[in-house]
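Trainee: So that you have it, the file is model-v2.csv, and it contains CSV, N, CA and C atoms:
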chain,number,residue,atom,x,y,z
J,1,GLN,N,-50.6,-179.6,-27.7
J,1,GLN,CA,-49.2,-179.3,-27.8
J,1,GLN,C,-48.4,-180.5,-27.7
J,2,LEU,N,-47.5,-180.8,-28.6
J,2,LEU,CA,-46.7,-182.0,-28.6
J,2,LEU,C,-45.4,-181.6,-27.8
J,3,GLN,N,-45.1,-182.3,-26.7
J,3,GLN,CA,-44.0,-182.0,-26.0
J,3,GLN,C,-43.6,-183.2,-25.0
J,4,LEU,N,-42.3,-183.1,-24.6
J,4,LEU,CA,-41.8,-184.0,-23.6
J,4,LEU,C,-41.6,-183.1,-22.3
J,5,VAL,N,-41.9,-183.6,-21.2
J,5,VAL,CA,-41.7,-182.9,-20.0
J,5,VAL,C,-41.0,-183.7,-18.9
J,6,GLU,N,-39.8,-183.2,-18.5
J,6,GLU,CA,-39.0,-183.9,-17.5
J,6,GLU,C,-39.4,-183.4,-16.1
J,7,SER,N,-39.3,-184.3,-15.1
J,7,SER,CA,-39.5,-183.9,-13.8
J,7,SER,C,-38.7,-184.8,-12.9
J,8,GLY,N,-38.6,-184.5,-11.6
J,8,GLY,CA,-38.0,-185.3,-10.6
J,8,GLY,C,-36.6,-184.9,-10.2
J,9,GLY,N,-36.1,-183.8,-10.8
J,9,GLY,CA,-34.8,-183.3,-10.4
J,9,GLY,C,-34.8,-182.6,-9.1
J,10,GLY,N,-33.6,-182.3,-8.6
J,10,GLY,CA,-33.6,-181.7,-7.3
J,10,GLY,C,-32.2,-181.7,-6.7
J,11,LEU,N,-32.1,-181.4,-5.4
J,11,LEU,CA,-30.8,-181.4,-4.7
J,11,LEU,C,-30.7,-182.6,-3.9
J,12,VAL,N,-29.6,-183.4,-4.0
J,12,VAL,CA,-29.4,-184.6,-3.2
J,12,VAL,C,-28.0,-184.7,-2.8
J,13,GLN,N,-27.8,-185.4,-1.7
J,13,GLN,CA,-26.4,-185.5,-1.2
J,13,GLN,C,-25.7,-186.7,-1.9
J,14,PRO,N,-24.4,-186.6,-2.0
J,14,PRO,CA,-23.7,-187.7,-2.6
J,14,PRO,C,-24.1,-189.1,-2.0
J,15,GLY,N,-24.2,-190.1,-2.9
J,15,GLY,CA,-24.7,-191.4,-2.4
J,15,GLY,C,-26.2,-191.5,-2.4
J,16,GLY,N,-26.9,-190.4,-2.6
J,16,GLY,CA,-28.4,-190.5,-2.6
J,16,GLY,C,-28.9,-190.9,-4.0
J,17,SER,N,-30.3,-190.8,-4.1
J,17,SER,CA,-31.0,-191.3,-5.3
J,17,SER,C,-32.0,-190.3,-5.7
J,18,LEU,N,-32.3,-190.3,-7.0
J,18,LEU,CA,-33.4,-189.6,-7.6
J,18,LEU,C,-34.0,-190.4,-8.7
J,19,ARG,N,-35.3,-190.2,-9.0
J,19,ARG,CA,-35.9,-190.8,-10.1
J,19,ARG,C,-36.5,-189.7,-11.0
J,20,LEU,N,-35.9,-189.6,-12.2
J,20,LEU,CA,-36.4,-188.7,-13.2
J,20,LEU,C,-37.5,-189.3,-14.0
J,21,SER,N,-38.5,-188.5,-14.4
J,21,SER,CA,-39.5,-188.9,-15.3
J,21,SER,C,-39.5,-188.1,-16.6
J,22,CYS,N,-39.9,-188.7,-17.7
J,22,CYS,CA,-40.0,-188.0,-19.0
J,22,CYS,C,-41.4,-188.4,-19.5
J,23,ALA,N,-42.3,-187.4,-19.5
J,23,ALA,CA,-43.7,-187.7,-19.9
J,23,ALA,C,-44.0,-187.0,-21.2
J,24,ALA,N,-44.7,-187.7,-22.1
J,24,ALA,CA,-45.1,-187.1,-23.3
J,24,ALA,C,-46.5,-186.6,-23.3
J,25,SER,N,-46.7,-185.5,-23.9
J,25,SER,CA,-48.1,-185.1,-24.1
J,25,SER,C,-48.4,-184.7,-25.5
J,26,GLY,N,-49.6,-185.1,-26.0
J,26,GLY,CA,-49.9,-184.8,-27.4
J,26,GLY,C,-49.5,-185.9,-28.4
J,27,PHE,N,-48.7,-186.9,-27.9
J,27,PHE,CA,-48.4,-188.0,-28.8
J,27,PHE,C,-48.0,-189.2,-27.9
J,28,THR,N,-47.9,-190.3,-28.6
J,28,THR,CA,-47.6,-191.5,-27.8
J,28,THR,C,-46.1,-191.9,-28.0
J,29,LEU,N,-45.5,-192.3,-26.9
J,29,LEU,CA,-44.1,-192.7,-26.9
J,29,LEU,C,-43.9,-194.1,-27.4
J,30,ASP,N,-44.9,-194.9,-27.6
J,30,ASP,CA,-44.8,-196.3,-27.9
J,30,ASP,C,-43.8,-196.5,-29.1
J,31,TYR,N,-43.8,-195.7,-30.1
J,31,TYR,CA,-43.1,-195.9,-31.3
J,31,TYR,C,-41.7,-195.3,-31.3
J,32,TYR,N,-41.3,-194.7,-30.1
J,32,TYR,CA,-40.0,-194.0,-30.0
J,32,TYR,C,-39.1,-194.7,-29.0
J,33,ALA,N,-37.8,-194.8,-29.4
J,33,ALA,CA,-36.8,-194.9,-28.4
J,33,ALA,C,-36.7,-193.6,-27.7
J,34,ILE,N,-36.2,-193.7,-26.5
J,34,ILE,CA,-36.0,-192.4,-25.7
J,34,ILE,C,-34.6,-192.4,-25.1
J,35,GLY,N,-34.0,-191.3,-25.2
J,35,GLY,CA,-32.7,-191.1,-24.7
J,35,GLY,C,-32.7,-190.1,-23.6
J,36,TRP,N,-31.8,-190.3,-22.6
J,36,TRP,CA,-31.6,-189.3,-21.5
J,36,TRP,C,-30.2,-188.7,-21.8
J,37,PHE,N,-30.1,-187.4,-21.7
J,37,PHE,CA,-28.9,-186.7,-21.9
J,37,PHE,C,-28.7,-185.7,-20.7
J,38,ARG,N,-27.5,-185.3,-20.5
J,38,ARG,CA,-27.2,-184.3,-19.5
J,38,ARG,C,-26.2,-183.3,-20.0
J,39,GLN,N,-26.3,-182.1,-19.4
J,39,GLN,CA,-25.3,-181.0,-19.7
J,39,GLN,C,-24.9,-180.3,-18.4
J,40,ALA,N,-23.7,-180.4,-18.1
J,40,ALA,CA,-23.1,-179.7,-17.0
J,40,ALA,C,-22.6,-178.3,-17.4
J,41,PRO,N,-22.5,-177.3,-16.5
J,41,PRO,CA,-22.1,-176.0,-16.9
J,41,PRO,C,-20.7,-176.1,-17.6
J,42,GLY,N,-20.6,-175.4,-18.7
J,42,GLY,CA,-19.3,-175.4,-19.4
J,42,GLY,C,-18.9,-176.6,-20.2
J,43,LYS,N,-19.8,-177.6,-20.2
J,43,LYS,CA,-19.5,-178.9,-20.9
J,43,LYS,C,-20.6,-179.1,-22.0
J,44,GLU,N,-20.2,-180.0,-22.9
J,44,GLU,CA,-21.1,-180.4,-23.9
J,44,GLU,C,-22.2,-181.3,-23.4
J,45,ARG,N,-23.3,-181.3,-24.1
J,45,ARG,CA,-24.4,-182.3,-23.8
J,45,ARG,C,-23.9,-183.7,-24.1
J,46,GLU,N,-24.2,-184.6,-23.2
J,46,GLU,CA,-23.7,-186.0,-23.4
J,46,GLU,C,-24.8,-187.0,-23.2
J,47,GLY,N,-24.8,-188.1,-23.9
J,47,GLY,CA,-25.8,-189.2,-23.7
J,47,GLY,C,-25.5,-189.9,-22.4
J,48,VAL,N,-26.6,-190.2,-21.7
J,48,VAL,CA,-26.6,-190.9,-20.4
J,48,VAL,C,-27.1,-192.4,-20.6
J,49,SER,N,-28.2,-192.5,-21.2
J,49,SER,CA,-28.9,-193.8,-21.4
J,49,SER,C,-29.9,-193.7,-22.4
J,50,CYS,N,-30.3,-194.9,-23.0
J,50,CYS,CA,-31.5,-194.9,-23.9
J,50,CYS,C,-32.2,-196.2,-23.7
J,51,ILE,N,-33.4,-196.2,-24.2
J,51,ILE,CA,-34.3,-197.4,-24.1
J,51,ILE,C,-35.1,-197.5,-25.4
J,52,SER,N,-35.2,-198.7,-25.9
J,52,SER,CA,-36.0,-198.9,-27.2
J,52,SER,C,-37.5,-198.7,-26.9
J,53,GLY,N,-38.2,-198.7,-28.0
J,53,GLY,CA,-39.7,-198.5,-27.9
J,53,GLY,C,-40.4,-199.5,-27.1
J,54,SER,N,-39.9,-200.8,-27.2
J,54,SER,CA,-40.5,-201.9,-26.5
J,54,SER,C,-40.0,-202.0,-25.1
J,55,GLY,N,-38.9,-201.4,-24.8
J,55,GLY,CA,-38.2,-201.5,-23.6
J,55,GLY,C,-37.2,-202.7,-23.5
J,56,GLY,N,-37.1,-203.4,-24.6
J,56,GLY,CA,-36.3,-204.6,-24.6
J,56,GLY,C,-34.8,-204.3,-24.8
J,57,SER,N,-34.4,-203.1,-25.2
J,57,SER,CA,-33.0,-202.8,-25.4
J,57,SER,C,-32.7,-201.5,-24.7
J,58,THR,N,-31.6,-201.5,-23.9
J,58,THR,CA,-31.1,-200.3,-23.2
J,58,THR,C,-29.6,-200.2,-23.5
J,59,ASN,N,-29.1,-198.9,-23.3
J,59,ASN,CA,-27.7,-198.6,-23.3
J,59,ASN,C,-27.4,-197.6,-22.3
J,60,TYR,N,-26.2,-197.6,-21.8
J,60,TYR,CA,-25.8,-196.7,-20.7
J,60,TYR,C,-24.4,-196.2,-21.1
J,61,ALA,N,-24.1,-194.9,-20.7
J,61,ALA,CA,-22.8,-194.4,-20.7
J,61,ALA,C,-22.0,-195.1,-19.6
J,62,ASP,N,-20.7,-195.3,-19.9
J,62,ASP,CA,-19.8,-196.0,-18.9
J,62,ASP,C,-19.8,-195.3,-17.6
J,63,SER,N,-20.0,-194.0,-17.6
J,63,SER,CA,-19.9,-193.3,-16.3
J,63,SER,C,-21.1,-193.6,-15.4
J,64,VAL,N,-22.2,-194.1,-15.9
J,64,VAL,CA,-23.4,-194.4,-15.1
J,64,VAL,C,-23.7,-195.8,-15.0
J,65,LYS,N,-23.0,-196.7,-15.7
J,65,LYS,CA,-23.4,-198.1,-15.6
J,65,LYS,C,-23.3,-198.7,-14.2
J,66,GLY,N,-24.3,-199.4,-13.9
J,66,GLY,CA,-24.4,-200.0,-12.5
J,66,GLY,C,-25.0,-199.1,-11.5
J,67,ARG,N,-25.2,-197.8,-11.8
J,67,ARG,CA,-25.8,-196.8,-10.9
J,67,ARG,C,-27.1,-196.4,-11.4
J,68,PHE,N,-27.3,-196.2,-12.7
J,68,PHE,CA,-28.5,-195.7,-13.3
J,68,PHE,C,-29.3,-196.8,-14.0
J,69,THR,N,-30.6,-196.7,-13.9
J,69,THR,CA,-31.5,-197.7,-14.6
J,69,THR,C,-32.6,-197.0,-15.4
J,70,ILE,N,-32.7,-197.2,-16.6
J,70,ILE,CA,-33.7,-196.6,-17.4
J,70,ILE,C,-34.9,-197.6,-17.6
J,71,SER,N,-36.1,-197.2,-17.6
J,71,SER,CA,-37.3,-198.0,-17.8
J,71,SER,C,-38.4,-197.2,-18.4
J,72,ARG,N,-39.4,-197.9,-18.8
J,72,ARG,CA,-40.5,-197.1,-19.4
J,72,ARG,C,-41.8,-197.8,-19.1
J,73,ASP,N,-42.9,-197.0,-19.0
J,73,ASP,CA,-44.2,-197.5,-18.8
J,73,ASP,C,-45.1,-196.9,-20.0
J,74,ASN,N,-45.2,-197.7,-21.0
J,74,ASN,CA,-45.9,-197.1,-22.2
J,74,ASN,C,-47.4,-196.8,-21.9
J,75,ALA,N,-48.0,-197.5,-20.9
J,75,ALA,CA,-49.4,-197.3,-20.5
J,75,ALA,C,-49.5,-195.9,-19.9
J,76,LYS,N,-48.4,-195.4,-19.3
J,76,LYS,CA,-48.4,-194.1,-18.7
J,76,LYS,C,-47.7,-193.1,-19.6
J,77,ASN,N,-47.3,-193.5,-20.7
J,77,ASN,CA,-46.6,-192.6,-21.7
J,77,ASN,C,-45.4,-191.9,-21.1
J,78,THR,N,-44.6,-192.7,-20.3
J,78,THR,CA,-43.6,-192.1,-19.5
J,78,THR,C,-42.3,-193.0,-19.5
J,79,VAL,N,-41.2,-192.4,-19.5
J,79,VAL,CA,-39.9,-193.1,-19.3
J,79,VAL,C,-39.2,-192.6,-18.1
J,80,TYR,N,-38.6,-193.4,-17.4
J,80,TYR,CA,-37.9,-193.1,-16.1
J,80,TYR,C,-36.4,-193.3,-16.2
J,81,LEU,N,-35.7,-192.6,-15.3
J,81,LEU,CA,-34.3,-192.8,-15.1
J,81,LEU,C,-34.1,-192.8,-13.6
J,82,GLN,N,-33.9,-194.0,-13.1
J,82,GLN,CA,-33.6,-194.2,-11.7
J,82,GLN,C,-32.1,-194.0,-11.5
J,83,MET,N,-31.7,-193.0,-10.6
J,83,MET,CA,-30.3,-192.7,-10.4
J,83,MET,C,-29.9,-193.0,-9.0
J,84,ASN,N,-29.0,-193.9,-8.8
J,84,ASN,CA,-28.6,-194.3,-7.4
J,84,ASN,C,-27.1,-194.0,-7.3
J,85,SER,N,-26.6,-194.0,-6.1
J,85,SER,CA,-25.2,-193.7,-5.8
J,85,SER,C,-24.7,-192.5,-6.5
J,86,LEU,N,-25.5,-191.4,-6.4
J,86,LEU,CA,-25.2,-190.2,-7.1
J,86,LEU,C,-23.9,-189.6,-6.6
J,87,LYS,N,-23.2,-189.0,-7.6
J,87,LYS,CA,-21.9,-188.3,-7.3
J,87,LYS,C,-22.0,-186.9,-7.7
J,88,PRO,N,-21.1,-186.1,-7.1
J,88,PRO,CA,-21.1,-184.6,-7.5
J,88,PRO,C,-21.0,-184.4,-9.0
J,89,GLU,N,-20.2,-185.3,-9.7
J,89,GLU,CA,-20.0,-185.2,-11.1
J,89,GLU,C,-21.3,-185.5,-11.9
J,90,ASP,N,-22.3,-186.0,-11.3
J,90,ASP,CA,-23.6,-186.2,-12.0
J,90,ASP,C,-24.4,-184.9,-12.0
J,91,THR,N,-24.0,-183.9,-11.4
J,91,THR,CA,-24.7,-182.6,-11.4
J,91,THR,C,-24.8,-182.1,-12.8
J,92,ALA,N,-26.0,-181.8,-13.3
J,92,ALA,CA,-26.2,-181.3,-14.6
J,92,ALA,C,-27.7,-181.1,-14.8
J,93,VAL,N,-28.0,-180.5,-15.9
J,93,VAL,CA,-29.4,-180.4,-16.4
J,93,VAL,C,-29.6,-181.7,-17.2
J,94,TYR,N,-30.7,-182.4,-16.9
J,94,TYR,CA,-31.0,-183.7,-17.6
J,94,TYR,C,-32.1,-183.5,-18.5
J,95,TYR,N,-32.0,-184.0,-19.7
J,95,TYR,CA,-32.9,-183.9,-20.8
J,95,TYR,C,-33.3,-185.2,-21.3
J,96,CYS,N,-34.6,-185.4,-21.7
J,96,CYS,CA,-35.0,-186.6,-22.5
J,96,CYS,C,-35.3,-186.1,-23.9
J,97,ALA,N,-35.2,-187.1,-24.8
J,97,ALA,CA,-35.4,-186.8,-26.2
J,97,ALA,C,-35.9,-188.1,-26.9
J,98,THR,N,-36.7,-187.9,-27.9
J,98,THR,CA,-37.1,-189.1,-28.7
J,98,THR,C,-36.0,-189.5,-29.7
J,99,ASP,N,-36.0,-190.7,-30.1
J,99,ASP,CA,-35.1,-191.3,-31.1
J,99,ASP,C,-35.7,-192.4,-31.9
J,100,ARG,N,-35.1,-192.7,-33.0
J,100,ARG,CA,-35.7,-193.9,-33.8
J,100,ARG,C,-35.2,-195.2,-33.2
J,101,TRP,N,-34.0,-195.2,-32.8
J,101,TRP,CA,-33.5,-196.5,-32.3
J,101,TRP,C,-32.6,-196.2,-31.0
J,102,CYS,N,-32.5,-197.2,-30.2
J,102,CYS,CA,-31.6,-197.2,-29.1
J,102,CYS,C,-30.4,-198.0,-29.5
J,103,ALA,N,-29.6,-197.5,-30.5
J,103,ALA,CA,-28.6,-198.3,-31.1
J,103,ALA,C,-27.6,-197.3,-31.8
J,104,GLY,N,-26.5,-197.8,-32.3
J,104,GLY,CA,-25.6,-196.9,-33.0
J,104,GLY,C,-25.1,-195.8,-32.1
J,105,ARG,N,-25.2,-194.6,-32.7
J,105,ARG,CA,-24.7,-193.4,-32.0
J,105,ARG,C,-25.9,-192.8,-31.2
J,106,TRP,N,-26.4,-193.7,-30.3
J,106,TRP,CA,-27.6,-193.3,-29.5
J,106,TRP,C,-27.2,-192.1,-28.6
J,107,TYR,N,-25.9,-192.0,-28.2
J,107,TYR,CA,-25.4,-191.1,-27.3
J,107,TYR,C,-25.1,-189.7,-27.9
J,108,ALA,N,-25.3,-189.6,-29.2
J,108,ALA,CA,-24.9,-188.3,-29.8
J,108,ALA,C,-26.1,-187.4,-29.8
J,109,PRO,N,-26.0,-186.3,-29.1
J,109,PRO,CA,-27.2,-185.3,-29.0
J,109,PRO,C,-27.4,-184.6,-30.4
J,110,THR,N,-26.5,-184.7,-31.3
J,110,THR,CA,-26.6,-184.1,-32.6
J,110,THR,C,-27.4,-184.9,-33.6
J,111,ARG,N,-27.7,-186.2,-33.2
J,111,ARG,CA,-28.5,-187.0,-34.1
J,111,ARG,C,-29.9,-186.4,-34.1
J,112,GLN,N,-30.6,-186.4,-35.3
J,112,GLN,CA,-31.9,-185.8,-35.4
J,112,GLN,C,-32.9,-186.5,-34.5
J,113,ARG,N,-33.6,-185.7,-33.8
J,113,ARG,CA,-34.6,-186.2,-32.9
J,113,ARG,C,-35.9,-185.3,-33.0
J,114,ASP,N,-37.0,-185.9,-32.9
J,114,ASP,CA,-38.2,-185.2,-33.1
J,114,ASP,C,-38.5,-184.2,-32.0
J,115,TYR,N,-38.3,-184.7,-30.7
J,115,TYR,CA,-38.7,-183.9,-29.6
J,115,TYR,C,-37.6,-183.9,-28.5
J,116,TRP,N,-37.4,-182.8,-27.9
J,116,TRP,CA,-36.6,-182.7,-26.7
J,116,TRP,C,-37.5,-182.1,-25.6
J,117,GLY,N,-37.2,-182.5,-24.3
J,117,GLY,CA,-37.8,-181.8,-23.2
J,117,GLY,C,-37.0,-180.6,-22.8
J,118,GLN,N,-37.5,-179.9,-21.8
J,118,GLN,CA,-36.9,-178.6,-21.4
J,118,GLN,C,-35.8,-178.7,-20.4
J,119,GLY,N,-35.7,-179.9,-19.8
J,119,GLY,CA,-34.7,-180.2,-18.9
J,119,GLY,C,-35.1,-180.1,-17.4
J,120,THR,N,-34.4,-180.8,-16.6
J,120,THR,CA,-34.6,-180.8,-15.1
J,120,THR,C,-33.3,-180.8,-14.4
J,121,GLN,N,-33.1,-179.9,-13.5
J,121,GLN,CA,-31.8,-179.7,-12.8
J,121,GLN,C,-31.6,-180.8,-11.7
J,122,VAL,N,-30.4,-181.4,-11.8
J,122,VAL,CA,-30.0,-182.4,-10.8
J,122,VAL,C,-28.7,-181.8,-10.1
J,123,THR,N,-28.7,-181.6,-8.9
J,123,THR,CA,-27.5,-181.1,-8.1
J,123,THR,C,-27.2,-182.1,-7.0
J,124,VAL,N,-26.0,-182.6,-7.1
J,124,VAL,CA,-25.5,-183.5,-6.1
J,124,VAL,C,-24.4,-182.8,-5.3
J,125,SER,N,-24.7,-182.5,-4.0
J,125,SER,CA,-23.8,-181.8,-3.2
J,125,SER,C,-24.2,-182.0,-1.7
J,126,SER,N,-23.1,-181.9,-0.9
J,126,SER,CA,-23.3,-182.0,0.5
J,126,SER,C,-23.4,-180.7,1.2
Will you turn the file into structure tokens for me?
Mentor:
Amino acid sequence: QLQLVESGGGLVQPGGSLRLSCAASGFTLDYYAIGWFRQAPGKEREGVSCISGSGGSTNYADSVKGRFTISRDNAKNTVYLQMNSLKPEDTAVYYCATDRWCAGRWYAPTRQRDYWGQGTQVTVSS
């Protein structure tokens, strides 16, 4: 079965950290850029970060720059999102998705993507 699976979400206090993982099964991630998205209750899904297939190019939403870091380990077929200095407004379901490029409208969830994960909940609360 071809799929992406996110993990690593949970409940964390403001200022804390979490590391999300996006693992592929049934296919290799090497040829795909990967994007992270999030959707909070009552809000539209928004792009958080992306990374190119080689890992040489990354992009971040302004709201997470300097706090989140995206990386990938193609040997493990996994992409990571390290989230530091978390804020209550980071609370959302986080999704990863494949993409052709980490460029242009990388942040647009409506851009055609081959695979989406099922999401992992991140809750930032005291």
Trainee: So that I can check the surroundings of Val93 (chain J), please list as a list in words every protein, DNA and RNA residue that reaches within 10 Å of it, counting only C-alpha atoms and ignoring chain neighbours fewer than 2 positions away.
Mentor: Gly9, Phe37, Arg38, Gln39, Ala40, Pro41, Arg45, Asp90, Thr91, Tyr95, Gln118, Gly119, Thr120, Gln121, Val122 and Thr123 of chain J
Trainee: Around the point (-29.4, -195.6, -23.6), in the coordinates given by the file, pick out the residues reaching within 12 Å, counting only C-alpha atoms, and return them as a ChimeraX atom specification.
Mentor: /J:33-37,46-53,55-62,64-65,68-72,79-81,96-99,101-109
Trainee: Skipping near chain neighbours, those fewer than 5 positions away, what residues fall within 5 Å of Gly15 (chain J) using all atoms listed in the file, listed as a short mmCIF file (atom, residue, chain, number, x, y, z; two decimals) with N, CA and C atoms, in the coordinates of the input?
Mentor:
data_model
loop_
_atom_site.label_atom_id
_atom_site.label_comp_id
_atom_site.auth_asym_id
_atom_site.auth_seq_id
_atom_site.Cartn_x
_atom_site.Cartn_y
_atom_site.Cartn_z
N SER J 85 -26.60 -194.00 -6.10
CA SER J 85 -25.20 -193.70 -5.80
C SER J 85 -24.70 -192.50 -6.50
N LEU J 86 -25.50 -191.40 -6.40
CA LEU J 86 -25.20 -190.20 -7.10
C LEU J 86 -23.90 -189.60 -6.60
N LYS J 87 -23.20 -189.00 -7.60
CA LYS J 87 -21.90 -188.30 -7.30
C LYS J 87 -22.00 -186.90 -7.70
#
Trainee: For Ser17 (chain J), which residue among J:Gln112, J:Val5, J:Pro88, J:Gln82 is the nearest when counting only N, CA and C atoms?
Mentor: J:Gln82
Trainee: Would you compute the distance between CA of Asn77 (chain J) and CA of Gly8 (chain J)? Give it in Å to one decimal.
Mentor: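 Distance between the two atoms: 15.8 Å.
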Trainee: Please compute the CA of Ser125 (chain J)-atom C of Arg19 (chain J) distance, one decimal, in Å.
Mentor: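 These two atoms are separated by 16.9 Å.
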Trainee: Nearest to Ala24 (chain J) among J:Asn84, J:Ser63, J:Arg100, J:Trp116, with distances taken over only C-alpha atoms: which residue is it?
Mentor: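 Closest to Ala24 (chain J) of all the choices is J:Trp116.
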Trainee: Quote the spacing between CA of Tyr31 (chain J) and atom N of Ser54 (chain J) in Å to one decimal place.
Mentor: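 About the pair CA of Tyr31 (chain J) and atom N of Ser54 (chain J): they are 7.1 Å apart.
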Trainee: Given the choices J:Ala92, J:Asn74, J:Gln1, J:Ser126, which gets closest to Tyr32 (chain J) if the distance is worked out from only C-alpha atoms?
Mentor: J:Asn74
Trainee: Using all atoms listed in the file, which of the listed residues (J:Gly16, J:Thr28, J:Ser21, J:Arg113) sits closest to Met83 (chain J)?
Mentor: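 For Met83 (chain J), the nearest of the candidates is J:Gly16.
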Trainee: Restore N, CA, C and O atoms in region 107-123 of chain J and list the result as a compact mmCIF listing (two decimals), in the coordinates of the input.
Mentor:
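Just written: part-v2.txt:
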# COMPACT_ATOMS: atom_id res chain seq x y z
N TYR J 107 -25.90 -192.00 -28.20
CA TYR J 107 -25.40 -191.10 -27.30
C TYR J 107 -25.10 -189.70 -27.90
O TYR J 107 -24.80 -188.74 -27.15
N ALA J 108 -25.30 -189.60 -29.20
CA ALA J 108 -24.90 -188.30 -29.80
C ALA J 108 -26.10 -187.40 -29.80
O ALA J 108 -27.16 -187.64 -30.45
N PRO J 109 -26.00 -186.30 -29.10
CA PRO J 109 -27.20 -185.30 -29.00
C PRO J 109 -27.40 -184.60 -30.40
O PRO J 109 -28.51 -184.11 -30.58
N THR J 110 -26.50 -184.70 -31.30
CA THR J 110 -26.60 -184.10 -32.60
C THR J 110 -27.40 -184.90 -33.60
O THR J 110 -27.83 -184.41 -34.61
N ARG J 111 -27.70 -186.20 -33.20
CA ARG J 111 -28.50 -187.00 -34.10
C ARG J 111 -29.90 -186.40 -34.10
O ARG J 111 -30.42 -185.90 -33.11
N GLN J 112 -30.60 -186.40 -35.30
CA GLN J 112 -31.90 -185.80 -35.40
C GLN J 112 -32.90 -186.50 -34.50
O GLN J 112 -33.02 -187.72 -34.55
N ARG J 113 -33.60 -185.70 -33.80
CA ARG J 113 -34.60 -186.20 -32.90
C ARG J 113 -35.90 -185.30 -33.00
O ARG J 113 -35.75 -184.09 -33.17
N ASP J 114 -37.00 -185.90 -32.90
CA ASP J 114 -38.20 -185.20 -33.10
C ASP J 114 -38.50 -184.20 -32.00
O ASP J 114 -39.02 -183.09 -32.17
N TYR J 115 -38.30 -184.70 -30.70
CA TYR J 115 -38.70 -183.90 -29.60
C TYR J 115 -37.60 -183.90 -28.50
O TYR J 115 -37.00 -184.99 -28.26
N TRP J 116 -37.40 -182.80 -27.90
CA TRP J 116 -36.60 -182.70 -26.70
C TRP J 116 -37.50 -182.10 -25.60
O TRP J 116 -38.32 -181.21 -25.82
N GLY J 117 -37.20 -182.50 -24.30
CA GLY J 117 -37.80 -181.80 -23.20
C GLY J 117 -37.00 -180.60 -22.80
O GLY J 117 -35.98 -180.24 -23.41
N GLN J 118 -37.50 -179.90 -21.80
CA GLN J 118 -36.90 -178.60 -21.40
C GLN J 118 -35.80 -178.70 -20.40
O GLN J 118 -35.08 -177.81 -20.11
N GLY J 119 -35.70 -179.90 -19.80
CA GLY J 119 -34.70 -180.20 -18.90
C GLY J 119 -35.10 -180.10 -17.40
O GLY J 119 -36.01 -179.34 -17.09
N THR J 120 -34.40 -180.80 -16.60
CA THR J 120 -34.60 -180.80 -15.10
C THR J 120 -33.30 -180.80 -14.40
O THR J 120 -32.38 -181.56 -14.81
N GLN J 121 -33.10 -179.90 -13.50
CA GLN J 121 -31.80 -179.70 -12.80
C GLN J 121 -31.60 -180.80 -11.70
O GLN J 121 -32.46 -181.05 -10.90
N VAL J 122 -30.40 -181.40 -11.80
CA VAL J 122 -30.00 -182.40 -10.80
C VAL J 122 -28.70 -181.80 -10.10
O VAL J 122 -27.74 -181.58 -10.87
N THR J 123 -28.70 -181.60 -8.90
CA THR J 123 -27.50 -181.10 -8.10
C THR J 123 -27.20 -182.10 -7.00
O THR J 123 -28.02 -182.43 -6.19
